[in-house]
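Take a look at the structure set out below.
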Amino acid sequence: MRLETRLFAGVTFGMAAAAAACFAVSMWFASTVQSENLRSLLVAESISVQGSIDAQAQRATSMAQLVATMPPVIEAFETRDRDALAAMTVPGFDTLREQEGIAQYQFHLEPATSFLRVHRPARFGDDLSGFRHTVVQTNRTENSVSGVEVGVAGLGIRGIQPVFSGGRHIGSVEFGISMNDAFVDAHTERTGTMIEIQRFQNGEATLIGSSLPDGFELSADDRAAGFREDTIIPRISLGGVQHAMLIHPLRDFSGNPVGVVVIAIDRTRLDSNYRTFLTVFGILCVVILIAGLALAWAMNRSCVRPLVSLKQTLEALGRDETGVEIYGVGRKDEIGEIAGAVEDIKQNTIRKAEEDRRRDEERAQRQAEERKQMMTEMAVDFESAVGSIVTSVAAASKQMEQAARGLTQSSAETSRKASTVSSSSDEASANVQTVAAAAEELAASISEISQQVVRSNSMADQARGQASDTVAKVSEMSEVAQRIGDIVTLIQQIAEQTNCSLSTRRSKPRALAKRAKVSRWWLTK
């Protein structure tokens with residue numbers, strides 16, 4: 001794979017991975033932030049509900065403290081004048097019920113005996129110490145106590161104040177506010193948060209008040225979990241709207257759980273913010289990816305393409321193409337440094353080529369001079385050798401000519417003698433018939449003459465052989481003269497080839513030497 005492709009793919013993949021990781025982290029971060037915000041909102045709402053409870057408890061305590069400081073009330077309560085005390089408190093209770101939401105108004109004797117129920121005057125004298133622990137604690141510690149507690153009338157918010165007369169503790173007075181639909185509606189109207197309060201006792205749940213849509217029912221498992229600790233249901237549909245829900249333990253004045261408070265908040269805005277957050281980060285990731293592509297393209301353009309150009313330049317320099325232009329010379333980065341190094345290589349190549357050319361010219365000139373000197377010496381030596389050969393051939397030719405003349409004269413003499421002998425034979429043969437008588441006398445002469453004829457014929461054959469040898473030698477001398485002419489022509493060719501190029505200066509002398517050797521062979525053959 002090419003560097004350009006690897007770099008582009010690597011940067012693109014890296015940026016894509018970074019964008020994906022960024023988006024994944026963004027989702028995790030957004031989900032975490034949403035969950036934390038949701039938890040914070042639900043906890044804040046639970047604190048708000050507890051604040052409403054505490055506010056009501058404080059209001060009830062304040063009213064009890066006010067009554068506990070009224071002298072007529074103290075006097076009637078100290079003298080245990082129930083009728084007088086009722087005459088002062090019962091007529092105004094309806095107004096307190098309607099305007100202040102007071103559900104219980106009661107005086108207690110130690111430890112927790114009902115002396116007067118202002119909200120129910122006819123009932124009194126019963127011992128409440130078995131379940132009204134706030135009253136017992138107030139009368140025992142002689143301090144005010146407030147909070148949620150279960151009473152005869154159900155779950156309520158109590159505020160109990162000890163009553164003193166002349167510094168002597170004479171009992172306690174209590175104001176109670178019921179936790180009912182009125183309390184729940186007041187909280188929902190004030191905060192905009194829907195809540196539901198359930199009393200949980202002996203495994204059974206009793207609805208105290210609710211502002212949740214009709215049809216909602218809390219599961220037993222969620223109620224049991226919320227009774228022990230805060231339990232969050234991240235998403236639940238109420239009336240077609242997505243909500244988040246917190247099930248919060250409702251604790252009495254002593255911290256013991258007595259029920260649960262169900263808090264539901266609309267999570268539409270949170271979901272919208274979450275989607276907006278993801279959209280923004282998604283766009284940011286796309287921008288990062290596009291930026292990565294742009295960065296990869298820019299890196300290819302600024303780094304890889306110059307490297308490709310430098311590679312092509314090096315290839316051209318490898319082919320001895322020194323006229324190529326080098327890209328990137330003068331840049332202030334690593335590409336510029338590489339281009340500078342390539343420029344040095346180019347200049348070194350040019351210098352080397354110039355030095356090689358100059359050395360070749362010097363070598364060619366030196367070899368030409370050496371060749372010229374060698375050819376001159378060869379020509380002188382050859383001329384000397386050929387001259388001696390020609391002189392020897394000329395002397396031999398003269399000797400052969402003289403021998404030929406001698407042989408020719410011998411041949412002519414032999415021919416003449418043979419003709420004489422032949423005529424003598426013919427004459428002797430003719431006289432044989434005439435000189436029959438002298439046959440015997442001439443027989444020896446004839447025999448001798450026959451022998452002389454044989455010797456004459458032999459001499460004639462020798463003369464003819466010497467004549468043939470002479471003709472052959474003359475022919476050979478003609479060939480030698482022709483060869484001498486070829487050698488002269490060869491010398492002229494050698495002189496003409498003295499200025500040949502450097503590429504043929506080594507092969508030509510060997511060829512000429514070979515020809516000279518052949519010429520000598522012809523001459524010596």
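Starting from 1 in every chain, residues are counted up; chains themselves are A, B, ... following the order of the structure tokens, and ligands are numbered from 1 as listed.
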Handout entry: Filtered DSSP result for stretch 245-280 of chain A, state strand (DSSP E or B), as a count of residues only
Key = 17
Handout entry: Exercise: stretch 258-273 of chain A partners within 7 Å, only C-alpha atoms, chain neighbours under 2 positions left out, as a VMD selection string
Key = chain A and resid 34 193 to 201 226 to 227 242 to 252 256 275 to 277
Please produce a file of those selected residues containing N, CA, C and O atoms, as a compact mmCIF listing (two decimals), in the first residue's frame.
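Result file follows (again.txt):
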```txt
# COMPACT_ATOMS: atom_id res chain seq x y z
N GLN A 34 -27.37 13.58 32.92
CA GLN A 34 -28.83 13.53 33.03
C GLN A 34 -29.26 12.77 34.27
O GLN A 34 -30.17 13.20 35.01
N THR A 193 -44.68 20.04 41.75
CA THR A 193 -44.26 18.63 41.72
C THR A 193 -45.37 17.77 42.28
O THR A 193 -45.91 18.05 43.35
N MET A 194 -45.70 16.70 41.55
CA MET A 194 -46.73 15.79 42.01
C MET A 194 -46.13 14.81 43.03
O MET A 194 -45.03 14.28 42.81
N ILE A 195 -46.87 14.59 44.13
CA ILE A 195 -46.40 13.68 45.16
C ILE A 195 -47.57 12.80 45.59
O ILE A 195 -48.74 13.09 45.32
N GLU A 196 -47.20 11.74 46.26
CA GLU A 196 -48.18 10.85 46.87
C GLU A 196 -47.60 10.35 48.18
O GLU A 196 -46.42 9.98 48.24
N ILE A 197 -48.45 10.33 49.25
CA ILE A 197 -48.01 9.87 50.57
C ILE A 197 -48.79 8.62 50.93
O ILE A 197 -50.03 8.60 50.85
N GLN A 198 -48.05 7.60 51.29
CA GLN A 198 -48.67 6.34 51.70
C GLN A 198 -48.13 5.95 53.07
O GLN A 198 -46.94 6.04 53.33
N ARG A 199 -49.05 5.53 53.91
CA ARG A 199 -48.67 5.00 55.21
C ARG A 199 -48.44 3.50 55.04
O ARG A 199 -49.26 2.79 54.45
N PHE A 200 -47.38 3.02 55.63
CA PHE A 200 -47.00 1.62 55.46
C PHE A 200 -46.88 1.02 56.85
O PHE A 200 -45.98 1.38 57.61
N GLN A 201 -47.80 0.11 57.17
CA GLN A 201 -47.82 -0.44 58.52
C GLN A 201 -48.34 -1.86 58.48
O GLN A 201 -49.34 -2.14 57.83
N GLY A 226 -38.63 1.48 48.54
CA GLY A 226 -38.65 2.87 48.97
C GLY A 226 -38.83 3.04 50.46
O GLY A 226 -38.43 4.06 51.03
N PHE A 227 -39.43 2.05 51.10
CA PHE A 227 -39.61 2.12 52.56
C PHE A 227 -38.25 1.99 53.26
O PHE A 227 -38.07 2.54 54.34
N GLN A 242 -43.65 11.45 30.06
CA GLN A 242 -42.55 10.75 30.72
C GLN A 242 -42.14 11.49 31.98
O GLN A 242 -41.89 12.70 31.97
N HIS A 243 -42.06 10.72 33.08
CA HIS A 243 -41.66 11.26 34.37
C HIS A 243 -40.55 10.40 34.96
O HIS A 243 -40.34 9.26 34.55
N ALA A 244 -39.86 10.96 35.90
CA ALA A 244 -38.94 10.21 36.76
C ALA A 244 -39.51 10.22 38.16
O ALA A 244 -40.15 11.20 38.58
N MET A 245 -39.29 9.13 38.87
CA MET A 245 -39.96 8.98 40.16
C MET A 245 -38.96 8.61 41.24
O MET A 245 -38.04 7.82 41.02
N LEU A 246 -39.17 9.21 42.43
CA LEU A 246 -38.39 8.88 43.61
C LEU A 246 -39.34 8.40 44.69
O LEU A 246 -40.34 9.07 44.99
N ILE A 247 -39.02 7.25 45.26
CA ILE A 247 -39.78 6.72 46.39
C ILE A 247 -38.92 6.94 47.62
O ILE A 247 -37.87 6.33 47.79
N HIS A 248 -39.39 7.86 48.48
CA HIS A 248 -38.59 8.34 49.61
C HIS A 248 -39.23 7.87 50.92
O HIS A 248 -40.46 7.99 51.09
N PRO A 249 -38.43 7.35 51.85
CA PRO A 249 -39.02 6.92 53.13
C PRO A 249 -39.57 8.13 53.91
O PRO A 249 -38.91 9.17 54.00
N LEU A 250 -40.75 7.97 54.42
CA LEU A 250 -41.33 8.99 55.30
C LEU A 250 -41.03 8.59 56.74
O LEU A 250 -41.47 7.53 57.21
N ARG A 251 -40.29 9.41 57.45
CA ARG A 251 -39.84 9.06 58.79
C ARG A 251 -40.54 9.96 59.82
O ARG A 251 -40.84 11.12 59.55
N ASP A 252 -40.78 9.34 60.99
CA ASP A 252 -41.43 10.10 62.04
C ASP A 252 -40.40 10.95 62.78
O ASP A 252 -39.23 11.04 62.38
N ASN A 256 -37.78 6.86 62.49
CA ASN A 256 -38.24 5.55 62.04
C ASN A 256 -39.19 5.71 60.86
O ASN A 256 -40.06 6.58 60.85
N ARG A 275 -31.33 15.23 24.29
CA ARG A 275 -31.31 15.13 22.83
C ARG A 275 -30.53 16.29 22.21
O ARG A 275 -29.77 16.10 21.25
N THR A 276 -30.73 17.48 22.76
CA THR A 276 -29.98 18.64 22.26
C THR A 276 -28.49 18.44 22.47
O THR A 276 -27.66 18.73 21.59
N PHE A 277 -28.15 17.93 23.64
CA PHE A 277 -26.74 17.67 23.96
C PHE A 277 -26.14 16.67 22.98
O PHE A 277 -25.04 16.89 22.44
```
Polymer residues at most 6 Å from stretch 115-132 of chain A, only C-alpha atoms, same-chain spacing of 3 or more positions, as a compact mmCIF listing (two decimals) with C-alpha atoms, in the first residue's frame:
```
# COMPACT_ATOMS: atom_id res chain seq x y z
CA VAL A 90 -63.27 25.15 71.56
CA GLN A 104 -55.82 18.19 66.33
CA TYR A 105 -55.72 20.55 69.32
CA GLN A 106 -55.22 18.78 72.65
CA PHE A 107 -53.99 19.17 76.23
CA HIS A 108 -52.16 16.30 78.01
CA ALA A 112 -49.59 11.12 78.09
CA VAL A 135 -46.30 13.47 74.18
```
Proximity of stretch 157-211 of chain A to stretch 38-59 of chain A: per-residue shortest pair, 9 Å limit, only C-alpha atoms, as JSON lines:
```
{"residue": "A:Ile157", "atom": "CA", "partner": "A:Ala57", "partner_atom": "CA", "distance": 5.6}
{"residue": "A:Arg158", "atom": "CA", "partner": "A:Ala57", "partner_atom": "CA", "distance": 5.7}
{"residue": "A:Gly159", "atom": "CA", "partner": "A:Ala57", "partner_atom": "CA", "distance": 5.5}
{"residue": "A:Phe175", "atom": "CA", "partner": "A:Ala57", "partner_atom": "CA", "distance": 8.8}
{"residue": "A:Gly176", "atom": "CA", "partner": "A:Ala57", "partner_atom": "CA", "distance": 8.0}
{"residue": "A:Ile177", "atom": "CA", "partner": "A:Gln56", "partner_atom": "CA", "distance": 7.2}
{"residue": "A:Met179", "atom": "CA", "partner": "A:Ile53", "partner_atom": "CA", "distance": 8.8}
{"residue": "A:Phe183", "atom": "CA", "partner": "A:Ser52", "partner_atom": "CA", "distance": 8.8}
{"residue": "A:His187", "atom": "CA", "partner": "A:Ser52", "partner_atom": "CA", "distance": 7.1}
{"residue": "A:Thr191", "atom": "CA", "partner": "A:Ser48", "partner_atom": "CA", "distance": 8.3}
{"residue": "A:Thr193", "atom": "CA", "partner": "A:Glu45", "partner_atom": "CA", "distance": 7.6}
{"residue": "A:Ile195", "atom": "CA", "partner": "A:Val49", "partner_atom": "CA", "distance": 8.6}
```
Resulting file, chosen residues, C-alpha atoms, as a PDB file, in the first residue's frame:
```pdb
ATOM      1  CA  ILE A 157     -47.595  16.479  61.746  1.00  0.00           C
ATOM      2  CA  ARG A 158     -47.344  17.295  65.445  1.00  0.00           C
ATOM      3  CA  GLY A 159     -46.040  20.245  67.390  1.00  0.00           C
ATOM      4  CA  PHE A 175     -51.363  21.115  67.649  1.00  0.00           C
ATOM      5  CA  GLY A 176     -51.563  18.600  64.820  1.00  0.00           C
ATOM      6  CA  ILE A 177     -51.862  19.076  61.047  1.00  0.00           C
ATOM      7  CA  MET A 179     -51.131  14.758  56.146  1.00  0.00           C
ATOM      8  CA  PHE A 183     -51.286  18.950  52.424  1.00  0.00           C
ATOM      9  CA  HIS A 187     -47.245  21.250  48.176  1.00  0.00           C
ATOM     10  CA  THR A 191     -43.714  23.569  43.890  1.00  0.00           C
ATOM     11  CA  THR A 193     -44.258  18.634  41.722  1.00  0.00           C
ATOM     12  CA  ILE A 195     -46.405  13.679  45.158  1.00  0.00           C
TER      13      ILE A 195
END
```
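Proximity of A:Ala205, A:Ile350, A:Leu155, A:Ile160 to A:Ala220, computed with only C-alpha atoms, is greatest for A:Ala205.
The nearest approach to A:Gly282 among the residues A:Thr95, A:Thr12, A:Ser26, A:Ser178, with only C-alpha atoms taken into account, belongs to A:Ser26.
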Fill in the blank from the handout: A straight line from atom CA of A:Asn202 to atom CA of A:Ile102 spans 27.7 Å
Handout entry: Distance in Å - atom CA of A:Val287 versus atom CA of A:Ala20
Key = 11.8 Å
Practice task
For each of A:Glu36, A:Ala339, A:Ser211, A:Val25, take the minimum atom-to-atom distance to A:Pro234, counting only C-alpha atoms, then give the residue where this is smallest.
Solution key: A:Glu36
Exercise for the section: Record the distance separating atom CA of A:Thr79 and atom CA of A:Asn139, expressed in Å with one decimal. Expected result: 17.8 Å
Practice task
Name the residues of stretch 282-328 of chain A that come out as helix (DSSP H, G or I) in a backbone DSSP run; write them as a ChimeraX atom specification.
Solution key: /A:282-318
